[in-house]
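A.B. asks: Below is final_20.txt; it holds compact mmCIF, C-alpha atoms.
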```
# COMPACT_ATOMS: atom_id res chain seq x y z
CA MET A 1 88.22 -168.48 13.03
CA ALA A 2 84.51 -168.02 12.44
CA GLU A 3 85.16 -165.69 9.50
CA LEU A 4 86.55 -168.46 7.33
CA THR A 5 83.22 -170.25 7.21
CA VAL A 6 81.09 -167.13 6.69
CA ASN A 7 79.28 -167.24 3.36
CA ASN A 8 76.78 -164.55 2.43
CA GLY A 9 77.25 -165.23 -1.28
CA VAL A 10 79.31 -162.09 -1.80
CA ASN A 11 82.73 -162.53 -3.42
CA VAL A 12 84.57 -159.97 -1.30
CA GLU A 13 87.97 -161.07 -2.62
CA ALA A 14 86.89 -160.19 -6.16
CA LEU A 15 85.57 -156.82 -5.00
CA LEU A 16 88.79 -156.03 -3.17
CA ALA A 17 90.77 -157.07 -6.26
CA ALA A 18 88.57 -154.79 -8.38
CA ARG A 19 89.24 -151.95 -5.97
CA THR A 20 92.99 -152.44 -6.37
CA ALA A 21 92.71 -152.72 -10.16
CA LEU A 22 90.50 -149.62 -10.50
CA LYS A 23 92.76 -147.59 -8.23
CA ALA A 24 95.45 -148.13 -10.87
CA ALA A 25 93.10 -147.51 -13.81
CA PRO A 26 90.48 -144.95 -12.74
CA GLU A 27 89.13 -144.55 -16.29
CA ALA A 28 87.79 -148.12 -16.05
CA ALA A 29 85.69 -146.99 -13.06
CA GLN A 30 83.58 -144.68 -15.26
CA PHE A 31 80.23 -146.44 -15.66
CA LYS A 32 77.10 -145.56 -17.59
CA TRP A 33 73.84 -147.24 -16.56
CA ARG A 34 70.96 -147.15 -19.03
CA ALA A 35 67.24 -147.70 -19.45
CA THR A 36 64.74 -147.13 -22.22
CA CYS A 37 61.07 -146.41 -21.66
CA LYS A 38 58.19 -146.71 -24.09
CA TRP A 39 54.79 -145.17 -23.45
CA VAL A 40 52.01 -147.80 -23.68
CA ASN A 41 48.79 -145.86 -22.94
CA GLY A 42 47.61 -143.40 -20.31
CA THR A 43 50.10 -143.48 -17.45
CA HIS A 44 51.26 -147.00 -18.36
CA SER A 45 54.81 -147.42 -19.71
CA GLU A 46 57.26 -150.25 -20.23
CA SER A 47 60.94 -149.79 -19.39
CA LYS A 48 63.81 -152.06 -20.40
CA VAL A 49 67.29 -152.50 -19.01
CA GLN A 50 70.12 -154.51 -20.50
CA GLY A 51 73.19 -152.70 -21.83
CA PHE A 52 75.56 -150.61 -19.76
CA TYR A 53 79.12 -149.33 -20.03
CA GLY A 54 81.98 -150.01 -17.65
CA LEU A 55 85.55 -151.26 -17.35
CA GLY A 56 86.27 -149.35 -20.55
CA GLN A 57 83.78 -151.17 -22.77
CA GLU A 58 80.13 -151.95 -23.53
CA GLN A 59 78.63 -154.56 -21.19
CA ARG A 60 75.32 -156.43 -21.08
CA HIS A 61 73.21 -158.05 -18.40
CA LYS A 62 72.72 -161.78 -19.09
CA THR A 63 69.06 -161.08 -19.81
CA GLU A 64 66.93 -158.05 -20.61
CA PHE A 65 64.88 -156.88 -17.63
CA SER A 66 61.55 -155.27 -18.34
CA PHE A 67 59.25 -153.29 -16.04
CA GLN A 68 55.66 -152.11 -16.24
CA ALA A 69 54.87 -148.83 -14.52
CA ASP A 70 51.46 -147.26 -14.09
CA HIS A 71 49.28 -145.39 -11.61
CA PRO A 72 46.62 -147.07 -9.45
CA GLU A 73 42.89 -147.07 -10.12
CA ILE A 74 42.21 -144.36 -7.53
CA PHE A 75 44.07 -142.02 -9.91
CA ALA A 76 41.77 -143.14 -12.74
CA SER A 77 44.56 -145.31 -14.21
CA GLU A 78 44.61 -149.01 -14.99
CA ASP A 79 47.14 -150.15 -12.35
CA GLN A 80 49.18 -152.22 -14.83
CA GLY A 81 52.39 -151.79 -12.83
CA ALA A 82 54.05 -150.24 -9.82
CA THR A 83 54.11 -146.45 -9.58
CA PRO A 84 57.31 -144.59 -10.48
CA VAL A 85 57.81 -143.58 -6.83
CA GLU A 86 57.57 -147.22 -5.74
CA PHE A 87 60.42 -148.03 -8.18
CA VAL A 88 62.52 -145.54 -6.25
CA LEU A 89 61.78 -147.43 -3.01
CA VAL A 90 62.78 -150.72 -4.69
CA GLY A 91 66.07 -149.16 -5.82
CA LEU A 92 66.81 -147.85 -2.33
CA ALA A 93 65.84 -151.11 -0.59
CA SER A 94 67.89 -153.31 -2.90
CA CYS A 95 70.93 -151.02 -2.76
CA LEU A 96 71.08 -150.95 1.03
CA THR A 97 70.32 -154.69 1.29
CA ALA A 98 73.13 -155.62 -1.13
CA GLY A 99 75.41 -153.34 0.87
CA VAL A 100 74.51 -155.06 4.14
CA ALA A 101 75.42 -158.45 2.61
CA ALA A 102 78.72 -157.18 1.20
CA VAL A 103 79.78 -155.42 4.41
CA ALA A 104 78.77 -158.45 6.52
CA GLN A 105 80.90 -160.71 4.33
CA ASN A 106 83.87 -158.34 4.62
CA ARG A 107 83.47 -158.25 8.42
CA GLY A 108 83.07 -162.02 8.80
CA ILE A 109 79.44 -161.83 9.94
CA GLN A 110 77.12 -164.62 8.81
CA LEU A 111 73.69 -163.33 7.81
CA ARG A 112 70.66 -165.57 8.20
CA SER A 113 67.99 -163.18 6.99
CA VAL A 114 67.64 -159.53 6.02
CA GLN A 115 64.31 -157.84 5.48
CA ALA A 116 63.66 -154.18 4.82
CA THR A 117 60.32 -152.40 5.09
CA LEU A 118 60.05 -149.02 3.39
CA GLU A 119 57.49 -146.26 3.58
CA GLY A 120 57.67 -142.97 1.72
CA SER A 121 55.33 -140.12 2.67
CA MET A 122 54.03 -137.84 -0.05
CA ASP A 123 51.50 -135.05 -0.10
CA VAL A 124 49.93 -135.38 -3.56
CA GLN A 125 48.84 -131.75 -3.45
CA GLY A 126 52.31 -131.21 -4.96
CA ILE A 127 51.98 -133.33 -8.12
CA LEU A 128 48.35 -132.26 -8.58
CA GLY A 129 49.41 -128.61 -8.56
CA ILE A 130 47.08 -127.69 -5.67
CA ASP A 131 49.68 -126.04 -3.44
CA ARG A 132 52.92 -124.54 -4.75
CA ASP A 133 54.56 -124.89 -1.34
CA VAL A 134 54.15 -128.68 -1.35
CA ARG A 135 56.99 -130.55 -3.06
CA ASN A 136 56.24 -133.17 -5.72
CA GLY A 137 58.45 -135.88 -4.23
CA TYR A 138 58.63 -137.71 -0.92
CA ASP A 139 58.81 -135.55 2.17
CA ASN A 140 60.39 -138.47 4.02
CA ILE A 141 61.35 -142.10 3.41
CA LYS A 142 61.66 -144.47 6.35
CA ILE A 143 63.42 -147.84 6.11
CA THR A 144 63.34 -150.41 8.87
CA PHE A 145 65.72 -153.36 8.72
CA ASN A 146 65.05 -156.68 10.41
CA ILE A 147 68.32 -158.61 10.37
CA ASP A 148 69.05 -162.03 11.82
CA ALA A 149 72.82 -162.60 11.95
CA ASP A 150 75.63 -163.99 14.06
CA ALA A 151 76.32 -160.57 15.52
CA SER A 152 75.32 -158.18 18.29
CA LYS A 153 72.70 -155.48 17.81
CA LYS A 154 75.55 -152.96 17.77
CA GLU A 155 77.45 -154.84 15.04
CA ILE A 156 74.25 -155.11 12.99
CA GLU A 157 73.64 -151.38 13.33
CA ALA A 158 77.21 -150.76 12.19
CA LEU A 159 76.63 -152.98 9.11
CA VAL A 160 73.61 -150.92 8.13
CA ALA A 161 75.44 -147.64 8.76
CA GLN A 162 78.37 -148.71 6.57
CA SER A 163 75.97 -149.85 3.82
CA GLN A 164 74.34 -146.38 3.88
CA LYS A 165 77.75 -144.75 3.67
CA ARG A 166 78.56 -146.57 0.42
CA SER A 167 75.10 -146.73 -1.14
CA ALA A 168 74.66 -145.22 -4.59
CA VAL A 169 70.86 -144.94 -4.35
CA TYR A 170 70.92 -143.53 -0.81
CA ASP A 171 73.26 -140.83 -2.12
CA ILE A 172 71.11 -140.16 -5.22
CA ILE A 173 68.00 -139.65 -3.07
CA THR A 174 69.47 -137.75 -0.13
CA ASN A 175 71.67 -135.42 -2.18
CA PRO A 176 70.82 -133.37 -5.27
CA THR A 177 71.63 -135.17 -8.52
CA ASN A 178 71.80 -133.36 -11.82
CA VAL A 179 69.23 -134.47 -14.43
CA THR A 180 69.30 -133.19 -18.01
CA VAL A 181 66.13 -133.60 -20.06
CA GLU A 182 66.23 -133.22 -23.85
CA VAL A 183 63.74 -133.56 -26.68
CA ALA A 184 65.27 -135.13 -29.80
CA MET B 1 37.57 -128.88 -32.02
CA ALA B 2 40.47 -131.28 -32.32
CA GLU B 3 40.72 -131.63 -28.52
CA LEU B 4 37.45 -133.49 -28.28
CA THR B 5 38.83 -136.45 -30.18
CA VAL B 6 42.20 -136.56 -28.42
CA ASN B 7 42.63 -139.78 -26.48
CA ASN B 8 45.91 -140.59 -24.76
CA GLY B 9 44.22 -142.93 -22.29
CA VAL B 10 44.46 -140.43 -19.45
CA ASN B 11 41.25 -139.53 -17.65
CA VAL B 12 41.98 -135.84 -17.17
CA GLU B 13 38.40 -135.10 -16.01
CA ALA B 14 38.86 -137.52 -13.10
CA LEU B 15 42.22 -135.96 -12.23
CA LEU B 16 40.77 -132.45 -12.28
CA ALA B 17 37.87 -133.65 -10.11
CA ALA B 18 40.39 -135.19 -7.69
CA ARG B 19 42.24 -131.88 -7.56
CA THR B 20 39.04 -130.07 -6.62
CA ALA B 21 38.11 -132.73 -4.02
CA LEU B 22 41.59 -132.77 -2.43
CA LYS B 23 41.72 -128.99 -2.29
CA ALA B 24 38.69 -129.21 0.03
CA ALA B 25 40.10 -132.18 2.00
CA PRO B 26 43.91 -131.87 2.13
CA GLU B 27 44.26 -134.71 4.67
CA ALA B 28 43.12 -137.13 1.95
CA ALA B 29 46.14 -136.02 -0.11
CA GLN B 30 48.58 -137.54 2.40
CA PHE B 31 49.90 -140.72 0.76
CA LYS B 32 52.29 -143.41 1.94
CA TRP B 33 53.94 -145.61 -0.68
CA ARG B 34 55.52 -148.85 0.48
CA ALA B 35 57.85 -151.65 -0.49
CA THR B 36 59.35 -154.63 1.28
CA CYS B 37 62.68 -156.19 0.37
CA LYS B 38 64.02 -159.62 1.25
CA TRP B 39 67.67 -160.56 0.88
CA VAL B 40 68.07 -163.69 -1.28
CA ASN B 41 71.85 -164.27 -1.47
CA GLY B 42 74.91 -162.17 -2.19
CA THR B 43 73.75 -158.90 -3.74
CA HIS B 44 70.47 -160.49 -4.94
CA SER B 45 67.23 -159.34 -3.30
CA GLU B 46 63.53 -159.55 -4.03
CA SER B 47 61.27 -156.54 -3.44
CA LYS B 48 57.49 -156.50 -3.35
CA VAL B 49 54.98 -153.72 -3.77
CA GLN B 50 51.24 -153.87 -3.17
CA GLY B 51 49.74 -151.93 -0.29
CA PHE B 52 49.76 -148.16 0.06
CA TYR B 53 47.83 -145.51 1.96
CA GLY B 54 45.89 -142.60 0.50
CA LEU B 55 42.52 -140.84 0.41
CA GLY B 56 42.35 -141.44 4.15
CA GLN B 57 42.53 -145.24 4.04
CA GLU B 58 44.57 -148.33 3.20
CA GLN B 59 44.69 -149.09 -0.53
CA ARG B 60 46.05 -151.99 -2.59
CA HIS B 61 47.29 -152.42 -6.13
CA LYS B 62 45.19 -154.98 -8.03
CA THR B 63 48.17 -157.33 -8.01
CA GLU B 64 51.42 -157.66 -6.08
CA PHE B 65 54.43 -156.50 -8.12
CA SER B 66 57.73 -158.20 -7.44
CA PHE B 67 61.24 -157.21 -8.52
CA GLN B 68 64.58 -158.98 -8.55
CA ALA B 69 67.64 -156.79 -8.01
CA ASP B 70 71.27 -157.86 -8.24
CA HIS B 71 74.67 -156.75 -9.48
CA PRO B 72 76.16 -157.88 -12.80
CA GLU B 73 78.78 -160.59 -13.25
CA ILE B 74 81.62 -158.08 -13.67
CA PHE B 75 81.05 -157.24 -9.98
CA ALA B 76 81.36 -160.97 -9.16
CA SER B 77 77.57 -161.23 -8.69
CA GLU B 78 75.05 -163.48 -10.39
CA ASP B 79 73.14 -160.86 -12.40
CA GLN B 80 69.72 -162.16 -11.32
CA GLY B 81 68.12 -158.74 -11.72
CA ALA B 82 68.59 -155.09 -12.60
CA THR B 83 70.92 -153.06 -10.42
CA PRO B 84 69.45 -150.71 -7.79
CA VAL B 85 70.64 -147.66 -9.76
CA GLU B 86 68.84 -148.93 -12.87
CA PHE B 87 65.59 -149.08 -10.84
CA VAL B 88 66.06 -145.36 -10.20
CA LEU B 89 66.27 -144.76 -13.97
CA VAL B 90 63.08 -146.78 -14.49
CA GLY B 91 61.30 -144.69 -11.85
CA LEU B 92 62.44 -141.45 -13.45
CA ALA B 93 61.59 -142.56 -17.01
CA SER B 94 58.13 -143.81 -16.12
CA CYS B 95 57.30 -140.73 -14.04
CA LEU B 96 58.21 -138.26 -16.79
CA THR B 97 56.53 -140.40 -19.47
CA ALA B 98 53.25 -140.63 -17.53
CA GLY B 99 53.46 -136.88 -17.03
CA VAL B 100 53.90 -136.25 -20.75
CA ALA B 101 50.75 -138.30 -21.47
CA ALA B 102 48.71 -136.53 -18.79
CA VAL B 103 49.81 -133.03 -19.83
CA ALA B 104 49.25 -133.82 -23.52
CA GLN B 105 45.71 -134.98 -22.74
CA ASN B 106 45.02 -131.82 -20.75
CA ARG B 107 46.33 -129.67 -23.62
CA GLY B 108 44.41 -131.53 -26.31
CA ILE B 109 47.52 -132.96 -27.99
CA GLN B 110 47.24 -136.45 -29.45
CA LEU B 111 50.35 -138.54 -28.80
CA ARG B 112 51.34 -141.25 -31.25
CA SER B 113 54.50 -142.48 -29.54
CA VAL B 114 56.76 -141.51 -26.66
CA GLN B 115 60.15 -143.05 -26.07
CA ALA B 116 62.71 -142.07 -23.50
CA THR B 117 66.37 -143.09 -23.43
CA LEU B 118 68.22 -142.64 -20.16
CA GLU B 119 71.87 -142.76 -19.25
CA GLY B 120 73.28 -142.18 -15.78
CA SER B 121 77.02 -141.62 -15.33
CA MET B 122 78.70 -142.99 -12.23
CA ASP B 123 82.29 -143.21 -11.12
CA VAL B 124 82.37 -146.47 -9.15
CA GLN B 125 85.45 -145.29 -7.27
CA GLY B 126 82.82 -143.83 -4.92
CA ILE B 127 80.96 -147.00 -3.96
CA LEU B 128 84.20 -149.00 -3.87
CA GLY B 129 85.67 -146.54 -1.38
CA ILE B 130 88.70 -145.73 -3.55
CA ASP B 131 88.35 -141.95 -3.53
CA ARG B 132 86.50 -140.02 -0.81
CA ASP B 133 85.94 -137.09 -3.16
CA VAL B 134 83.91 -139.20 -5.59
CA ARG B 135 80.22 -139.44 -4.74
CA ASN B 136 78.48 -142.83 -4.58
CA GLY B 137 75.56 -141.89 -6.80
CA TYR B 138 75.13 -140.63 -10.34
CA ASP B 139 77.12 -137.54 -11.27
CA ASN B 140 74.60 -136.88 -14.05
CA ILE B 141 71.51 -138.44 -15.58
CA LYS B 142 70.58 -137.59 -19.15
CA ILE B 143 67.12 -138.32 -20.60
CA THR B 144 66.31 -137.93 -24.26
CA PHE B 145 62.67 -138.00 -25.36
CA ASN B 146 61.55 -138.98 -28.85
CA ILE B 147 57.91 -137.95 -29.18
CA ASP B 148 55.63 -138.29 -32.16
CA ALA B 149 52.51 -136.17 -31.65
CA ASP B 150 50.08 -133.83 -33.36
CA ALA B 151 52.06 -130.82 -32.16
CA SER B 152 54.96 -128.55 -33.01
CA LYS B 153 58.47 -129.13 -31.65
CA LYS B 154 57.87 -126.16 -29.34
CA GLU B 155 54.61 -127.61 -28.00
CA ILE B 156 56.31 -130.97 -27.45
CA GLU B 157 59.16 -129.31 -25.55
CA ALA B 158 56.58 -127.51 -23.40
CA LEU B 159 54.87 -130.86 -22.63
CA VAL B 160 58.14 -132.31 -21.40
CA ALA B 161 58.95 -129.18 -19.38
CA GLN B 162 55.54 -129.27 -17.67
CA SER B 163 55.95 -132.99 -16.93
CA GLN B 164 59.31 -132.24 -15.26
CA LYS B 165 57.71 -129.48 -13.22
CA ARG B 166 55.15 -131.89 -11.71
CA SER B 167 57.25 -135.06 -11.54
CA ALA B 168 57.62 -136.72 -8.15
CA VAL B 169 60.69 -138.77 -9.14
CA TYR B 170 62.43 -135.85 -10.89
CA ASP B 171 61.99 -133.90 -7.65
CA ILE B 172 63.22 -136.79 -5.46
CA ILE B 173 66.40 -137.14 -7.55
CA THR B 174 67.24 -133.50 -8.20
CA ASN B 175 66.51 -132.25 -4.67
CA PRO B 176 67.60 -133.67 -1.31
CA THR B 177 65.07 -136.07 0.20
CA ASN B 178 65.23 -137.12 3.82
CA VAL B 179 65.79 -140.85 4.43
CA THR B 180 65.61 -142.38 7.90
CA VAL B 181 67.20 -145.81 8.36
CA GLU B 182 66.39 -147.89 11.44
CA VAL B 183 67.31 -151.33 12.71
CA ALA B 184 64.40 -153.08 14.44
```
Here is a file; write its structure as structure tokens.
C.D. replies:
Amino acid sequence: MAELTVNNGVNVEALLAARTALKAAPEAAQFKWRATCKWVNGTHSESKVQGFYGLGQEQRHKTEFSFQADHPEIFASEDQGATPVEFVLVGLASCLTAGVAAVAQNRGIQLRSVQATLEGSMDVQGILGIDRDVRNGYDNIKITFNIDADASKKEIEALVAQSQKRSAVYDIITNPTNVTVEVA
Amino acid sequence: MAELTVNNGVNVEALLAARTALKAAPEAAQFKWRATCKWVNGTHSESKVQGFYGLGQEQRHKTEFSFQADHPEIFASEDQGATPVEFVLVGLASCLTAGVAAVAQNRGIQLRSVQATLEGSMDVQGILGIDRDVRNGYDNIKITFNIDADASKKEIEALVAQSQKRSAVYDIITNPTNVTVEVA
């Protein structure tokens, strides 16, 4: 039984147990993810992530994660961090990659390596207000996975498809998500 | 003329010059933003950002930015980084914050501080596959801005509204964006 020795570092038993527990207590499945962002100067900001809410109570990451965002020098900025739209690519890449590992574990497929390459196309005539018919965001994002695993090409494609089907960030990007903006 | 002394660190003259230049050469406005992501173990991955394409040629950030993503311990993971959905909040926060600074500069409003607090609600019954009617992504994201500036509440609200109107990440999240996933 090859599956017994498969170890992708994902505790599938715990996830399946959580699924059973949350089915019985759906209020515990209501999560709130949070970030704060402080303007530094120009287009440079610093965001922090630590606390969140879930399983009916306040939770905290082990450490506080902090992120510098900025625009590059060709936009007359200081390039002190990744651009906001690159953060979106990082979220999408990491969501689908974690999903591939979890699904592989559940299907008894040993992964050796997973790499994703992402490219998002954007016509900056949108954000610069040159052409009203050009959207501000990406017109398309392409992700290419290179996966080395004990599985056929078909099984690997099915892993990726199942990861997409359960991906939070893939859903957020491909479907409309409500955003409320307030000034305190 | 108060505007002459306003300095939010945004080079609005350069941005307006870029707008004029790109209006005459729209092919230079076609950008490609990129990221690569490498699976580490379990739900932990490392993403990198450096190269991009724009103004008709390959470009590079001054430095390579790298990001750890993971799931928290309550999902039986090792919490080695922010979650993918938190990266989306960072992208949204930093995009709107940079926009506020740029619009304020253009309108001659001196900013003293800008802070954004974000919270995204998610029912994890979606990603766990418990209930097909629950989406995987956020059901709502709320952003609250606290802005201290030489401006009335109404002017500050108008800054934030204009930033939303030109925000790439706000557009990506609130409207459907096409994502193509391939296995090499």
A.B. asks: To one decimal in Å, tell me the separation between atom CA of A:Trp39 and atom CA of A:Cys95.
C.D. replies: 26.9 Å
A.B. asks: Please produce, as CSV, a per-residue contact table for stretch 25-104 of chain A versus stretch 115-137 of chain A (criterion: any atom at most 12 Å away, all atoms listed in the file considered), showing the nearest atom pair and its distance in Å to one decimal, sorted by chain then residue number.
C.D. replies:
```
residue,atom,partner,partner_atom,distance
A:Phe75,CA,A:Leu128,CA,10.7
A:Pro84,CA,A:Gly137,CA,10.8
A:Val85,CA,A:Gly137,CA,8.2
A:Glu86,CA,A:Gly120,CA,8.6
A:Phe87,CA,A:Gly120,CA,11.5
A:Val88,CA,A:Gly120,CA,9.7
A:Leu89,CA,A:Leu118,CA,6.8
A:Val90,CA,A:Leu118,CA,8.7
A:Gly91,CA,A:Leu118,CA,11.0
A:Leu92,CA,A:Leu118,CA,8.9
A:Ala93,CA,A:Ala116,CA,6.6
A:Ser94,CA,A:Ala116,CA,8.8
A:Cys95,CA,A:Ala116,CA,11.0
A:Leu96,CA,A:Ala116,CA,8.9
A:Thr97,CA,A:Ala116,CA,7.6
A:Ala98,CA,A:Gln115,CA,11.2
A:Val100,CA,A:Gln115,CA,10.7
A:Ala101,CA,A:Gln115,CA,11.5
```
A.B. asks: Please provide as a ChimeraX atom specification all residues within 10 Å of B:Pro72, with the sequence filter that same-chain residues fewer than 4 positions apart are discarded (counting only C-alpha atoms).
C.D. replies: /A:59-62 /B:43,76-83
A.B. asks: Mind listing whatever residues come within 6 Å of the point (54.6, -148.8, -17.2)? Use all atoms listed in the file, file coordinates, and give them as a compact mmCIF listing (two decimals) with C-alpha atoms, in the frame of the given file.
C.D. replies:
```txt
# COMPACT_ATOMS: atom_id res chain seq x y z
CA HIS A 44 51.26 -147.00 -18.36
CA SER A 45 54.81 -147.42 -19.71
CA GLU A 46 57.26 -150.25 -20.23
CA GLN A 68 55.66 -152.11 -16.24
CA ALA A 69 54.87 -148.83 -14.52
CA ASP A 70 51.46 -147.26 -14.09
CA GLY A 81 52.39 -151.79 -12.83
```
A.B. asks: For a quick check of understanding, using only C-alpha atoms, which of A:Ala17, A:Ala24, A:Val10, A:Ala161 has the smallest distance to chain B?
C.D. replies: A:Val10
A.B. asks: I want to know what sits within 9 Å of B:Val181, based on all atoms listed in the file, with residues of the same chain fewer than 6 positions away left out; could you give that as a list of chain:residue names?
C.D. replies: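 In the requested format, the answer is A:Ile141, A:Lys142, A:Ile143, A:Thr144, A:Phe145, A:Val160, A:Ala161, A:Gln164.
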A.B. asks: Counting all atoms listed in the file, which residue out of A:Phe31, A:Tyr53, A:Thr63, A:Leu16 sits closest to chain B?
C.D. replies: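 For chain B, the nearest of the candidates is A:Phe31.
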A.B. asks: Have a look at atom CA of B:Asn8 and atom CA of B:Ser163 and let me know their distance in Å, one decimal.
C.D. replies: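 Atom CA of B:Asn8 sits 14.8 Å away from atom CA of B:Ser163.
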A.B. asks: Mind giving me the straight-line distance from atom CA of B:Arg34 to atom CA of A:Asp171 in Å, one decimal?
C.D. replies: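 Separation of atom CA of B:Arg34 and atom CA of A:Asp171: 19.6 Å.
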A.B. asks: Find the residue from B:Ala35, B:Ala158, B:Val103, B:Ala25 that sits nearest to chain A; use all atoms listed in the file when measuring.
C.D. replies: B:Ala35
A.B. asks: I need every residue sitting at most 9 Å from the point (58.0, -134.1, -26.0) (coordinates as in the file, only C-alpha atoms considered), written as a VMD selection string.
C.D. replies: (chain A and resid 182 to 184) or (chain B and resid 100 114 145 to 149 153 to 161)
A.B. asks: Check the smallest atom-to-atom distance from each of B:Ser152, B:Gln30, B:Thr20, B:Asn140 to B:Thr174 using all atoms listed in the file, then report the winner.
C.D. replies: B:Asn140
A.B. asks: With 6 Å added on each side, what axis-aligned box encloses every listed atom of stretch 43-57 of chain A? Give the centre and edge lengths in Å to one decimal, as JSON.
C.D. replies:
```
{"center_x": 68.2, "center_y": -149.0, "center_z": -20.1, "size_x": 48.2, "size_y": 23.0, "size_z": 17.4}
```
